[in-house]
>>> print(open('work-v8.tsv').read())   # TSV, C-alpha atoms
chain	number	residue	atom	x	y	z
A	1	MET	CA	0.00	0.00	0.00
A	2	ALA	CA	3.04	2.29	-0.16
A	3	ASP	CA	1.92	3.75	-3.48
A	4	PHE	CA	-1.71	4.21	-2.40
A	5	PRO	CA	-2.89	7.65	-3.54
A	6	GLN	CA	-3.43	10.22	-0.84
A	7	ARG	CA	-6.27	11.80	-2.80
A	8	SER	CA	-8.82	10.12	-5.01
A	9	PRO	CA	-8.21	11.41	-8.55
A	10	THR	CA	-10.79	12.56	-11.06
A	11	SER	CA	-10.46	13.15	-14.79
A	12	CYS	CA	-10.59	16.92	-14.31
A	13	ALA	CA	-11.24	19.53	-11.65
A	14	PRO	CA	-14.86	19.97	-10.57
A	15	PRO	CA	-16.59	22.95	-12.17
A	16	PRO	CA	-16.78	26.05	-9.97
A	17	ALA	CA	-20.00	26.47	-8.05
A	18	ALA	CA	-22.35	29.13	-9.35
A	19	PRO	CA	-23.52	31.84	-6.94
A	20	GLU	CA	-26.77	31.19	-5.15
A	21	GLN	CA	-30.05	32.50	-6.47
A	22	PRO	CA	-32.16	35.12	-4.65
A	23	VAL	CA	-34.19	33.92	-1.70
A	24	ARG	CA	-37.65	32.67	-2.70
A	25	VAL	CA	-39.50	34.78	-0.15
A	26	VAL	CA	-43.05	33.46	-0.56
A	27	PRO	CA	-42.18	29.71	-0.43
A	28	LEU	CA	-39.82	30.42	2.49
A	29	ALA	CA	-42.53	32.26	4.43
A	30	VAL	CA	-45.12	29.55	3.74
A	31	ALA	CA	-42.79	26.66	4.60
A	32	GLY	CA	-41.42	28.40	7.68
A	33	ALA	CA	-44.88	29.22	9.01
A	34	LEU	CA	-46.14	25.71	8.26
A	35	GLY	CA	-43.19	24.15	10.08
A	36	ALA	CA	-43.62	26.38	13.14
A	37	VAL	CA	-47.41	26.02	13.38
A	38	LEU	CA	-47.42	22.27	12.76
A	39	THR	CA	-44.66	21.68	15.31
A	40	TRP	CA	-46.59	23.70	17.91
A	41	TYR	CA	-49.81	21.85	17.13
A	42	VAL	CA	-48.30	18.37	17.24
A	43	TRP	CA	-46.27	19.09	20.38
A	44	SER	CA	-49.23	20.54	22.26
A	45	ARG	CA	-51.82	18.02	21.00
A	46	TYR	CA	-49.84	14.78	20.88
A	47	GLY	CA	-47.02	15.30	23.36
A	48	ASN	CA	-43.27	15.67	23.61
A	49	THR	CA	-42.27	12.61	21.63
A	50	SER	CA	-44.38	13.46	18.58
A	51	GLY	CA	-43.37	17.12	18.66
A	52	ALA	CA	-39.69	16.30	19.00
A	53	LEU	CA	-39.81	13.79	16.14
A	54	LEU	CA	-41.37	16.39	13.86
A	55	ALA	CA	-38.64	18.85	14.86
A	56	VAL	CA	-35.93	16.27	14.15
A	57	GLY	CA	-37.57	15.67	10.77
A	58	LEU	CA	-37.34	19.39	9.99
A	59	GLY	CA	-33.62	19.22	10.72
A	60	LEU	CA	-33.22	16.13	8.54
A	61	GLY	CA	-34.91	17.85	5.60
A	62	PHE	CA	-32.78	20.98	6.05
A	63	ALA	CA	-29.57	18.93	6.14
A	64	LEU	CA	-30.55	16.57	3.31
A	65	PHE	CA	-31.22	19.45	0.93
A	66	HIS	CA	-28.25	21.65	1.83
A	67	SER	CA	-25.79	18.76	1.54
A	68	ARG	CA	-27.69	17.27	-1.46
A	69	PHE	CA	-27.03	13.99	0.31
A	70	GLY	CA	-27.84	11.19	-2.10
A	71	PHE	CA	-27.95	7.43	-1.94
A	72	THR	CA	-29.25	6.94	-5.49
A	73	SER	CA	-26.64	9.18	-7.09
A	74	ALA	CA	-23.79	7.78	-4.98
A	75	TRP	CA	-24.42	4.22	-6.13
A	76	ARG	CA	-25.01	5.36	-9.71
A	77	GLN	CA	-21.71	7.24	-9.80
A	78	LEU	CA	-19.80	4.31	-8.29
A	79	ILE	CA	-21.21	1.67	-10.65
A	80	SER	CA	-21.17	3.83	-13.80
A	81	VAL	CA	-17.79	5.54	-13.63
A	82	GLY	CA	-16.12	4.45	-10.38
A	83	ASN	CA	-16.51	7.72	-8.46
A	84	GLY	CA	-16.67	6.69	-4.80
A	85	GLU	CA	-17.08	10.12	-3.22
A	86	GLY	CA	-20.73	9.50	-2.41
A	87	LEU	CA	-20.10	6.07	-0.91
A	88	ARG	CA	-17.33	7.47	1.25
A	89	ALA	CA	-19.85	10.00	2.55
A	90	HIS	CA	-22.14	7.06	3.32
A	91	ALA	CA	-19.33	5.54	5.36
A	92	LEU	CA	-18.97	8.72	7.41
A	93	LEU	CA	-22.75	8.91	7.95
A	94	LEU	CA	-22.89	5.26	8.99
A	95	GLY	CA	-19.86	5.56	11.25
A	96	THR	CA	-21.24	8.67	12.96
A	97	ALA	CA	-24.64	7.06	13.50
A	98	ALA	CA	-23.10	3.76	14.65
A	99	THR	CA	-20.95	5.52	17.25
A	100	LEU	CA	-23.90	7.44	18.70
A	101	VAL	CA	-26.21	4.40	18.55
A	102	ALA	CA	-23.66	2.38	20.53
A	103	LEU	CA	-23.51	5.10	23.19
A	104	ILE	CA	-27.29	5.39	23.40
A	105	ALA	CA	-28.00	1.65	23.40
A	106	SER	CA	-25.21	0.64	25.79
A	107	GLY	CA	-26.25	3.34	28.25
A	108	GLY	CA	-29.99	2.74	27.89
A	109	LEU	CA	-30.43	6.44	27.12
A	110	GLY	CA	-33.67	8.03	25.99
A	111	LEU	CA	-35.79	11.16	26.13
A	112	PHE	CA	-39.43	11.48	27.25
A	113	GLY	CA	-39.37	8.01	28.76
A	114	ALA	CA	-38.10	6.24	25.63
A	115	THR	CA	-35.74	3.29	25.96
A	116	PRO	CA	-33.64	2.08	23.02
A	117	GLN	CA	-35.01	-1.05	21.35
A	118	ILE	CA	-32.44	-2.61	19.04
A	119	SER	CA	-33.16	-5.80	17.13
A	120	ALA	CA	-31.68	-7.67	14.18
A	121	GLY	CA	-33.54	-7.74	10.89
A	122	PRO	CA	-34.29	-11.21	9.50
A	123	ILE	CA	-32.20	-12.53	6.64
A	124	GLY	CA	-33.88	-14.26	3.75
A	125	LEU	CA	-35.35	-14.14	0.28
A	126	GLY	CA	-37.52	-11.12	1.05
A	127	LEU	CA	-34.49	-9.08	2.11
A	128	PHE	CA	-32.47	-9.98	-0.98
A	129	ALA	CA	-35.28	-9.57	-3.51
A	130	GLY	CA	-36.57	-6.42	-1.83
A	131	ALA	CA	-33.17	-4.73	-1.88
A	132	ILE	CA	-32.72	-5.49	-5.58
A	133	VAL	CA	-36.22	-4.32	-6.51
A	134	PHE	CA	-35.86	-1.17	-4.42
A	135	ALA	CA	-32.51	-0.29	-6.02
A	136	ILE	CA	-33.92	-0.75	-9.52
A	137	GLY	CA	-36.80	1.49	-8.55
A	138	MET	CA	-34.65	4.28	-7.16
A	139	GLN	CA	-32.58	4.43	-10.34
A	140	LEU	CA	-35.74	4.72	-12.44
A	141	GLY	CA	-37.56	7.01	-10.01
A	142	GLY	CA	-34.56	9.29	-9.57
A	143	ALA	CA	-34.44	9.24	-5.77
A	144	CYS	CA	-34.32	6.93	-2.76
A	145	ALA	CA	-36.76	7.07	0.16
A	146	SER	CA	-35.19	10.04	1.95
A	147	GLY	CA	-34.27	11.64	-1.38
A	148	THR	CA	-37.88	11.44	-2.56
A	149	LEU	CA	-39.04	13.35	0.50
A	150	PHE	CA	-36.49	16.15	0.37
A	151	ALA	CA	-36.85	16.50	-3.42
A	152	VAL	CA	-40.64	16.84	-3.09
A	153	GLY	CA	-40.12	19.47	-0.41
A	154	ALA	CA	-37.72	21.30	-2.70
A	155	GLY	CA	-40.40	21.53	-5.41
A	156	GLN	CA	-39.09	18.92	-7.85
A	157	SER	CA	-42.20	18.04	-9.84
A	158	THR	CA	-40.97	14.74	-11.25
A	159	ILE	CA	-40.32	13.34	-7.79
A	160	VAL	CA	-43.92	14.06	-6.80
A	161	LEU	CA	-44.78	11.32	-9.30
A	162	THR	CA	-42.18	9.09	-7.68
A	163	LEU	CA	-43.79	9.68	-4.28
A	164	GLY	CA	-47.20	8.82	-5.72
A	165	GLY	CA	-45.81	5.59	-7.13
A	166	PHE	CA	-44.08	4.89	-3.80
A	167	ILE	CA	-47.41	5.13	-1.98
A	168	ALA	CA	-49.15	3.01	-4.64
A	169	GLY	CA	-46.46	0.32	-4.43
A	170	SER	CA	-46.75	0.23	-0.65
A	171	VAL	CA	-50.53	-0.20	-0.94
A	172	LEU	CA	-50.08	-2.97	-3.50
A	173	TYR	CA	-47.78	-4.81	-1.11
A	174	THR	CA	-50.18	-4.51	1.83
A	175	GLY	CA	-53.08	-5.67	-0.35
A	176	ALA	CA	-51.11	-8.67	-1.63
A	177	PHE	CA	-49.47	-9.35	1.74
A	178	PRO	CA	-50.46	-13.06	1.87
A	179	ILE	CA	-48.42	-13.61	-1.30
A	180	PHE	CA	-45.30	-12.08	0.21
A	181	ASP	CA	-45.68	-13.40	3.74
A	182	GLY	CA	-43.80	-16.50	4.79
A	183	TRP	CA	-40.89	-16.31	2.33
A	184	PRO	CA	-37.87	-18.32	3.56
A	185	GLN	CA	-35.74	-16.50	6.11
A	186	VAL	CA	-33.57	-17.08	9.15
A	187	PRO	CA	-33.22	-14.96	12.31
A	188	GLY	CA	-30.97	-11.94	11.99
A	189	VAL	CA	-27.55	-11.45	13.54
A	190	LEU	CA	-26.90	-8.57	15.94
A	191	LEU	CA	-23.19	-8.06	16.57
A	192	SER	CA	-23.69	-6.59	20.03
A	193	ALA	CA	-25.35	-9.81	21.16
A	194	HIS	CA	-22.07	-11.64	20.52
A	195	VAL	CA	-19.26	-9.12	21.12
A	196	GLY	CA	-20.96	-6.33	23.08
A	197	TRP	CA	-21.53	-2.77	21.93
A	198	LEU	CA	-17.85	-1.82	21.92
A	199	GLY	CA	-16.97	-4.85	19.83
A	200	SER	CA	-19.91	-4.21	17.50
A	201	LEU	CA	-18.81	-0.62	16.96
A	202	ALA	CA	-15.19	-1.65	16.36
A	203	ILE	CA	-16.20	-4.20	13.72
A	204	THR	CA	-18.57	-1.76	12.01
A	205	LEU	CA	-15.98	1.02	11.86
A	206	ALA	CA	-13.33	-1.40	10.58
A	207	VAL	CA	-15.57	-2.58	7.74
A	208	LEU	CA	-16.51	1.00	6.88
A	209	PHE	CA	-12.83	1.90	6.74
A	210	GLY	CA	-12.35	-1.01	4.35
A	211	VAL	CA	-15.17	0.35	2.17
A	212	VAL	CA	-13.43	3.73	2.06
A	213	LEU	CA	-10.14	2.13	1.01
A	214	LEU	CA	-11.83	0.00	-1.64
A	215	THR	CA	-13.64	2.97	-3.20
A	216	ARG	CA	-10.38	4.91	-3.30
A	217	ILE	CA	-8.64	2.04	-5.07
A	218	VAL	CA	-11.47	1.74	-7.60
A	219	GLN	CA	-11.48	5.49	-8.19
A	220	ALA	CA	-7.70	5.60	-8.64
A	221	ARG	CA	-7.92	2.93	-11.34
A	222	ARG	CA	-10.88	4.40	-13.25
A	223	THR	CA	-10.20	8.16	-12.84
A	224	PRO	CA	-13.86	9.18	-13.10
A	225	PRO	CA	-15.33	12.61	-13.73
A	226	PRO	CA	-15.74	14.75	-10.60
A	227	VAL	CA	-19.10	15.11	-8.89
A	228	GLY	CA	-20.96	18.18	-10.12
A	229	THR	CA	-21.31	21.29	-7.99
A	230	VAL	CA	-24.42	23.26	-7.11
A	231	PRO	CA	-24.95	26.99	-6.48
A	232	THR	CA	-23.79	28.06	-3.05
A	233	ALA	CA	-23.48	31.02	-0.74
A	234	ARG	CA	-20.16	31.98	0.84
A	235	GLY	CA	-19.06	32.42	4.43
A	236	LEU	CA	-21.49	31.97	7.31
A	237	ALA	CA	-24.43	32.44	4.94
A	238	ARG	CA	-23.59	29.00	3.58
A	239	ILE	CA	-25.07	27.44	6.73
A	240	VAL	CA	-28.59	28.59	5.86
A	241	ARG	CA	-28.28	29.13	2.10
A	242	GLY	CA	-26.12	26.11	1.16
A	243	SER	CA	-24.59	24.16	-0.21
A	244	TRP	CA	-22.88	22.21	2.57
A	245	PRO	CA	-19.84	20.02	2.02
A	246	LEU	CA	-21.02	16.45	1.55
A	247	LEU	CA	-19.04	15.18	4.53
A	248	ALA	CA	-20.47	17.88	6.79
A	249	GLY	CA	-23.94	16.77	5.76
A	250	ALA	CA	-23.02	13.16	6.55
A	251	VAL	CA	-22.05	14.06	10.13
A	252	VAL	CA	-25.17	16.17	10.73
A	253	LEU	CA	-27.43	13.44	9.32
A	254	GLY	CA	-25.69	10.83	11.47
A	255	VAL	CA	-26.36	12.91	14.58
A	256	LEU	CA	-30.00	13.44	13.63
A	257	ALA	CA	-30.49	9.74	12.86
A	258	ALA	CA	-29.27	8.99	16.38
A	259	ALA	CA	-31.62	11.67	17.70
A	260	VAL	CA	-34.59	9.71	16.29
A	261	LEU	CA	-33.47	6.72	18.38
A	262	LEU	CA	-32.98	8.90	21.45
A	263	VAL	CA	-36.46	10.44	21.16
A	264	SER	CA	-38.49	7.43	20.04
A	265	GLY	CA	-36.49	4.41	21.21
A	266	THR	CA	-36.40	3.01	17.66
A	267	THR	CA	-34.30	3.75	14.60
A	268	TRP	CA	-35.14	6.17	11.81
A	269	GLY	CA	-37.42	4.77	9.11
A	270	VAL	CA	-39.30	6.22	6.15
A	271	THR	CA	-41.38	3.81	4.11
A	272	TYR	CA	-43.91	2.42	6.61
A	273	ALA	CA	-45.72	5.76	6.46
A	274	PHE	CA	-46.35	5.44	2.72
A	275	GLY	CA	-48.46	2.33	3.16
A	276	LEU	CA	-50.28	3.97	6.05
A	277	TRP	CA	-51.03	7.11	4.01
A	278	GLY	CA	-52.29	4.99	1.12
A	279	ALA	CA	-54.57	2.96	3.38
A	280	LYS	CA	-56.05	6.06	5.00
A	281	LEU	CA	-56.62	7.54	1.55
A	282	LEU	CA	-58.52	4.42	0.52
A	283	GLN	CA	-60.67	4.75	3.62
A	284	LEU	CA	-61.56	8.30	2.60
A	285	PHE	CA	-62.96	6.85	-0.64
A	286	GLY	CA	-65.08	4.34	1.25
A	287	LEU	CA	-62.82	1.31	0.87
A	288	HIS	CA	-61.85	-0.98	3.74
A	289	PRO	CA	-58.13	-1.78	3.83
A	290	GLU	CA	-58.53	-2.39	7.57
A	291	THR	CA	-59.91	-5.82	6.61
A	292	TRP	CA	-56.73	-6.76	4.75
A	293	GLU	CA	-54.50	-9.27	6.49
A	294	PHE	CA	-51.60	-6.81	6.73
A	295	TRP	CA	-53.68	-4.21	8.57
A	296	THR	CA	-55.25	-6.73	10.96
A	297	ALA	CA	-51.91	-7.32	12.71
A	298	PRO	CA	-52.12	-5.54	16.11
A	299	ARG	CA	-49.38	-2.97	15.50
A	300	ASN	CA	-50.62	-2.13	12.02
A	301	ALA	CA	-54.28	-2.02	13.09
A	302	LYS	CA	-53.39	0.43	15.87
A	303	ALA	CA	-51.52	2.66	13.43
A	304	LEU	CA	-54.36	2.65	10.92
A	305	ALA	CA	-56.98	3.39	13.56
A	306	GLY	CA	-54.96	6.21	15.14
A	307	SER	CA	-53.93	9.67	14.00
A	308	VAL	CA	-51.05	9.97	11.55
A	309	TRP	CA	-49.50	12.43	14.00
A	310	THR	CA	-48.79	9.56	16.37
A	311	ASP	CA	-46.94	7.60	13.66
A	312	LYS	CA	-43.19	8.06	13.97
A	313	THR	CA	-42.40	7.74	10.29
A	314	THR	CA	-45.14	10.18	9.30
A	315	LEU	CA	-43.77	12.79	11.70
A	316	THR	CA	-40.20	12.61	10.42
A	317	ASN	CA	-41.34	12.32	6.79
A	318	VAL	CA	-43.51	15.43	6.96
A	319	GLY	CA	-40.73	17.22	8.80
A	320	ILE	CA	-38.25	16.31	6.05
A	321	MET	CA	-40.46	17.74	3.32
A	322	ILE	CA	-41.07	20.99	5.18
A	323	GLY	CA	-37.44	21.33	6.27
A	324	ALA	CA	-36.28	20.80	2.69
A	325	ALA	CA	-38.77	23.41	1.48
A	326	VAL	CA	-37.32	25.92	3.95
A	327	ALA	CA	-33.76	25.09	2.88
A	328	ALA	CA	-34.52	25.18	-0.85
A	329	SER	CA	-36.39	28.48	-0.55
A	330	ALA	CA	-33.56	30.07	1.45
A	331	ALA	CA	-31.12	28.89	-1.22
A	332	GLY	CA	-33.28	30.29	-4.03
A	333	ALA	CA	-33.69	26.79	-5.46
A	334	TRP	CA	-37.38	26.10	-4.77
A	335	LYS	CA	-39.27	25.89	-8.04
A	336	ILE	CA	-41.93	23.78	-9.74
A	337	ARG	CA	-41.33	22.56	-13.28
A	338	ALA	CA	-44.58	21.87	-15.12
A	339	GLU	CA	-43.11	20.14	-18.19
A	340	ILE	CA	-42.10	16.52	-17.62
A	341	PRO	CA	-41.23	14.25	-20.59
A	342	TRP	CA	-43.67	11.36	-20.71
A	343	ARG	CA	-40.96	8.70	-20.51
A	344	THR	CA	-39.50	10.40	-17.45
A	345	ALA	CA	-42.96	10.50	-15.88
A	346	VAL	CA	-43.47	6.77	-16.54
A	347	ALA	CA	-40.07	5.98	-15.06
A	348	ALA	CA	-40.83	8.09	-11.97
A	349	VAL	CA	-44.12	6.32	-11.26
A	350	LEU	CA	-42.74	2.85	-12.05
A	351	GLY	CA	-39.67	3.51	-9.93
A	352	GLY	CA	-41.83	4.60	-7.02
A	353	VAL	CA	-44.01	1.50	-7.28
A	354	LEU	CA	-40.93	-0.75	-7.28
A	355	MET	CA	-39.49	1.05	-4.26
A	356	GLY	CA	-42.77	0.73	-2.37
A	357	ILE	CA	-42.90	-3.03	-2.95
A	358	GLY	CA	-39.16	-3.54	-2.46
A	359	ALA	CA	-39.00	-1.63	0.81
A	360	ARG	CA	-41.79	-3.65	2.35
A	361	LEU	CA	-40.36	-6.93	1.07
A	362	ALA	CA	-36.98	-6.14	2.62
A	363	GLY	CA	-38.41	-4.69	5.81
A	364	GLY	CA	-36.87	-1.31	5.07
A	365	CYS	CA	-35.22	0.97	2.53
A	366	ASN	CA	-31.94	2.84	2.29
A	367	ILE	CA	-32.83	4.33	5.69
A	368	GLY	CA	-34.79	1.66	7.57
A	369	ALA	CA	-32.65	-1.28	6.38
A	370	TYR	CA	-29.30	0.10	5.18
A	371	LEU	CA	-28.64	2.99	7.58
A	372	ALA	CA	-30.54	1.58	10.54
A	373	GLY	CA	-29.20	-1.94	10.03
A	374	ILE	CA	-25.53	-1.05	9.70
A	375	SER	CA	-25.57	1.60	12.43
A	376	THR	CA	-27.07	-0.87	14.93
A	377	GLY	CA	-24.68	-3.68	14.01
A	378	SER	CA	-27.31	-5.84	12.30
A	379	LEU	CA	-25.95	-8.05	9.52
A	380	HIS	CA	-29.05	-7.53	7.40
A	381	GLY	CA	-28.06	-3.89	6.79
A	382	TRP	CA	-24.81	-4.94	5.11
A	383	LEU	CA	-26.57	-7.57	3.04
A	384	TRP	CA	-29.20	-5.04	1.97
A	385	GLY	CA	-26.43	-2.75	0.73
A	386	ILE	CA	-24.70	-5.52	-1.24
A	387	PHE	CA	-27.88	-6.63	-3.00
A	388	ALA	CA	-28.89	-3.01	-3.59
A	389	LEU	CA	-25.62	-2.48	-5.47
A	390	GLY	CA	-26.61	-5.38	-7.71
A	391	GLY	CA	-30.03	-3.84	-8.21
A	392	THR	CA	-28.38	-0.53	-9.05
A	393	TRP	CA	-26.46	-2.20	-11.89
A	394	ILE	CA	-29.73	-3.54	-13.30
A	395	GLY	CA	-31.42	-0.16	-12.88
A	396	LEU	CA	-28.64	1.57	-14.79
A	397	LYS	CA	-29.17	-0.83	-17.69
A	398	LEU	CA	-32.88	0.08	-17.73
A	399	ARG	CA	-32.56	3.85	-17.43
A	400	PRO	CA	-31.83	4.50	-21.16
A	401	LEU	CA	-35.16	2.82	-22.07
A	402	PHE	CA	-36.84	5.80	-20.41
A	403	GLY	CA	-34.55	8.45	-21.84
A	404	LEU	CA	-32.55	8.73	-18.60
A	405	ALA	CA	-28.81	9.28	-18.91
A	406	ASN	CA	-26.07	7.56	-16.94
A	407	PRO	CA	-22.69	9.13	-16.08
A	408	LYS	CA	-19.96	8.44	-18.65
A	409	PRO	CA	-16.18	8.62	-18.28
A	410	SER	CA	-16.06	11.41	-20.86
A	411	ASP	CA	-18.40	13.67	-18.86
A	412	SER	CA	-17.04	16.84	-17.28
A	413	ALA	CA	-19.01	16.00	-14.11
A	414	CYS	CA	-21.11	13.09	-12.93
>>> encode(input="work-v8.tsv", output="structure tokens")
Amino acid sequence: MADFPQRSPTSCAPPPAAPEQPVRVVPLAVAGALGAVLTWYVWSRYGNTSGALLAVGLGLGFALFHSRFGFTSAWRQLISVGNGEGLRAHALLLGTAATLVALIASGGLGLFGATPQISAGPIGLGLFAGAIVFAIGMQLGGACASGTLFAVGAGQSTIVLTLGGFIAGSVLYTGAFPIFDGWPQVPGVLLSAHVGWLGSLAITLAVLFGVVLLTRIVQARRTPPPVGTVPTARGLARIVRGSWPLLAGAVVLGVLAAAVLLVSGTTWGVTYAFGLWGAKLLQLFGLHPETWEFWTAPRNAKALAGSVWTDKTTLTNVGIMIGAAVAASAAGAWKIRAEIPWRTAVAAVLGGVLMGIGARLAGGCNIGAYLAGISTGSLHGWLWGIFALGGTWIGLKLRPLFGLANPKPSDSAC
């Protein structure tokens, strides 16, 4: 390793960032007022835990937009041209979250009476197939679970279609639950149950360090285009007007992911809410999803019968969209584009449907399975990531059918 490069090379220097656009005053005022009023309402009506989760969600949306933190783009760049910058940011996010999760779980820490509940995700056919299907979907839909939420908040019209497909796919899964239930699986593996929390953290950080080294080796061999830049403010204004360095965003998101555990006692998740929203929407139209097998399970029946403002994933999801709207408006980037090519629209909806089904099959998405799994020392998180990389490769092969471009080595930025 004596000749290992100290910096990961790219084919050229990244293009200079353009100056930020003027603040979008009206969207900023609307999003800011909505965030403040909704947080007050939820906190006063549903209690400390619900209010705090919504507030954490606002922070997640703010950080996701300003750092443009992507899971979809990171895997696309790695597979297409060998640029591992995004995956190295994942490693920092995962390492930050894993460190804080170990501290919280080992100390039994929690706010508002919460106690950390850490469990291993099962390993089986559903996990493998779900990760592949989800990854295909995110490459067609243009965003992952968290990316869909912050892009919708930022006013990206195409991703609204992805969100609609995501909800539809989640509803399809819950309606067809008997078909998907009972697929072969074995109990999961939780590292802390075998080597304690210190040992679990040490193993996780060591593997993440190996991922960083591997991506640097791949990048040194392929010399990919640099990652593109986005408009940004300068100086202290960059904190509220963006864009943040990717690694700074990774640390902030890792802290906020741990905050979800501290407040609620369980890890951050996204996709359960989509099925819940879809089921409640069906009820508004006089249908009865509460009779479906999925929604007759005690936990699910309680969620469907209760208010969405008591559902953890709904609270953080709504917070992410509003927080991203605040961030995008402050950065002058909030805008709605009315014209969407029909093939792009089809890909967005189809990608969302695949993600909705895949996330439920796997028991989570890039957040609920990948981030939560790896940060808690559950083996299923690593396996989800490996199979998702395979699904990404398939998704990249399908993108041109819908007029979607992939990064190429000859590009000036990827």
>>> closest_residue(input="work-v8.tsv", among="A:Pro16, A:Leu396, A:Leu276, A:Arg24", to="Trp75 of chain A", atoms="only C-alpha atoms")
A:Leu396
>>> residues_around(input="work-v8.tsv", residues="Lys302 of chain A", least_positions_apart="6", cutoff="12 Å", atoms="all atoms listed in the file", output="number ranges by chain")
A: 276, 290, 294-296, 308, 310-311
>>> closest_residue(input="work-v8.tsv", among="A:Ala74, A:Val252, A:Val189, A:Val56", to="Met138 of chain A", atoms="only C-alpha atoms")
A:Ala74
>>> closest_residue(input="work-v8.tsv", among="A:Ala168, A:Leu92, A:Ala345, A:Leu246", to="Phe402 of chain A", atoms="only C-alpha atoms")
A:Ala345
>>> residues_around(input="work-v8.tsv", residues="Gly57 of chain A", least_positions_apart="4", cutoff="7 Å", atoms="only C-alpha atoms", output="list in words")
Leu53, Gly61, Leu315, Thr316, Asn317, Gly319 and Ile320 of chain A
>>> build_atoms(input="work-v8.tsv", residues="segment 210-223 of chain A", atoms="N, CA, C and O atoms", output="PDB file, keeping the file's coordinate frame")
ATOM      1  N   GLY A 210     -12.676  -0.195   5.519  1.00  0.00           N
ATOM      2  CA  GLY A 210     -12.350  -1.010   4.350  1.00  0.00           C
ATOM      3  C   GLY A 210     -13.111  -0.561   3.122  1.00  0.00           C
ATOM      4  O   GLY A 210     -12.569  -0.557   2.006  1.00  0.00           O
ATOM      5  N   VAL A 211     -14.374  -0.167   3.291  1.00  0.00           N
ATOM      6  CA  VAL A 211     -15.170   0.350   2.170  1.00  0.00           C
ATOM      7  C   VAL A 211     -14.529   1.618   1.611  1.00  0.00           C
ATOM      8  O   VAL A 211     -14.435   1.807   0.389  1.00  0.00           O
ATOM      9  N   VAL A 212     -14.093   2.496   2.498  1.00  0.00           N
ATOM     10  CA  VAL A 212     -13.430   3.730   2.060  1.00  0.00           C
ATOM     11  C   VAL A 212     -12.184   3.415   1.238  1.00  0.00           C
ATOM     12  O   VAL A 212     -11.968   3.974   0.152  1.00  0.00           O
ATOM     13  N   LEU A 213     -11.358   2.505   1.746  1.00  0.00           N
ATOM     14  CA  LEU A 213     -10.140   2.130   1.010  1.00  0.00           C
ATOM     15  C   LEU A 213     -10.473   1.526  -0.345  1.00  0.00           C
ATOM     16  O   LEU A 213      -9.831   1.847  -1.356  1.00  0.00           O
ATOM     17  N   LEU A 214     -11.465   0.661  -0.372  1.00  0.00           N
ATOM     18  CA  LEU A 214     -11.830   0.000  -1.640  1.00  0.00           C
ATOM     19  C   LEU A 214     -12.325   1.021  -2.659  1.00  0.00           C
ATOM     20  O   LEU A 214     -11.942   0.954  -3.844  1.00  0.00           O
ATOM     21  N   THR A 215     -13.145   1.974  -2.239  1.00  0.00           N
ATOM     22  CA  THR A 215     -13.640   2.970  -3.200  1.00  0.00           C
ATOM     23  C   THR A 215     -12.507   3.863  -3.693  1.00  0.00           C
ATOM     24  O   THR A 215     -12.519   4.294  -4.852  1.00  0.00           O
ATOM     25  N   ARG A 216     -11.523   4.112  -2.858  1.00  0.00           N
ATOM     26  CA  ARG A 216     -10.380   4.910  -3.300  1.00  0.00           C
ATOM     27  C   ARG A 216      -9.549   4.151  -4.328  1.00  0.00           C
ATOM     28  O   ARG A 216      -9.051   4.736  -5.304  1.00  0.00           O
ATOM     29  N   ILE A 217      -9.390   2.864  -4.107  1.00  0.00           N
ATOM     30  CA  ILE A 217      -8.640   2.040  -5.070  1.00  0.00           C
ATOM     31  C   ILE A 217      -9.364   2.004  -6.414  1.00  0.00           C
ATOM     32  O   ILE A 217      -8.770   2.188  -7.482  1.00  0.00           O
ATOM     33  N   VAL A 218     -10.682   1.770  -6.366  1.00  0.00           N
ATOM     34  CA  VAL A 218     -11.470   1.740  -7.600  1.00  0.00           C
ATOM     35  C   VAL A 218     -11.390   3.079  -8.317  1.00  0.00           C
ATOM     36  O   VAL A 218     -11.191   3.141  -9.545  1.00  0.00           O
ATOM     37  N   GLN A 219     -11.506   4.165  -7.572  1.00  0.00           N
ATOM     38  CA  GLN A 219     -11.480   5.490  -8.190  1.00  0.00           C
ATOM     39  C   GLN A 219     -10.114   5.794  -8.786  1.00  0.00           C
ATOM     40  O   GLN A 219     -10.011   6.419  -9.859  1.00  0.00           O
ATOM     41  N   ALA A 220      -9.055   5.359  -8.115  1.00  0.00           N
ATOM     42  CA  ALA A 220      -7.700   5.600  -8.640  1.00  0.00           C
ATOM     43  C   ALA A 220      -7.476   4.866  -9.957  1.00  0.00           C
ATOM     44  O   ALA A 220      -6.763   5.350 -10.840  1.00  0.00           O
ATOM     45  N   ARG A 221      -8.093   3.713 -10.115  1.00  0.00           N
ATOM     46  CA  ARG A 221      -7.920   2.930 -11.340  1.00  0.00           C
ATOM     47  C   ARG A 221      -8.770   3.464 -12.495  1.00  0.00           C
ATOM     48  O   ARG A 221      -8.362   3.394 -13.651  1.00  0.00           O
ATOM     49  N   ARG A 222      -9.962   4.006 -12.179  1.00  0.00           N
ATOM     50  CA  ARG A 222     -10.880   4.400 -13.250  1.00  0.00           C
ATOM     51  C   ARG A 222     -10.847   5.894 -13.554  1.00  0.00           C
ATOM     52  O   ARG A 222     -11.313   6.313 -14.610  1.00  0.00           O
ATOM     53  N   THR A 223     -10.309   6.698 -12.661  1.00  0.00           N
ATOM     54  CA  THR A 223     -10.200   8.160 -12.840  1.00  0.00           C
ATOM     55  C   THR A 223     -11.499   8.735 -13.400  1.00  0.00           C
ATOM     56  O   THR A 223     -11.572   9.173 -14.547  1.00  0.00           O
TER      57      THR A 223
END
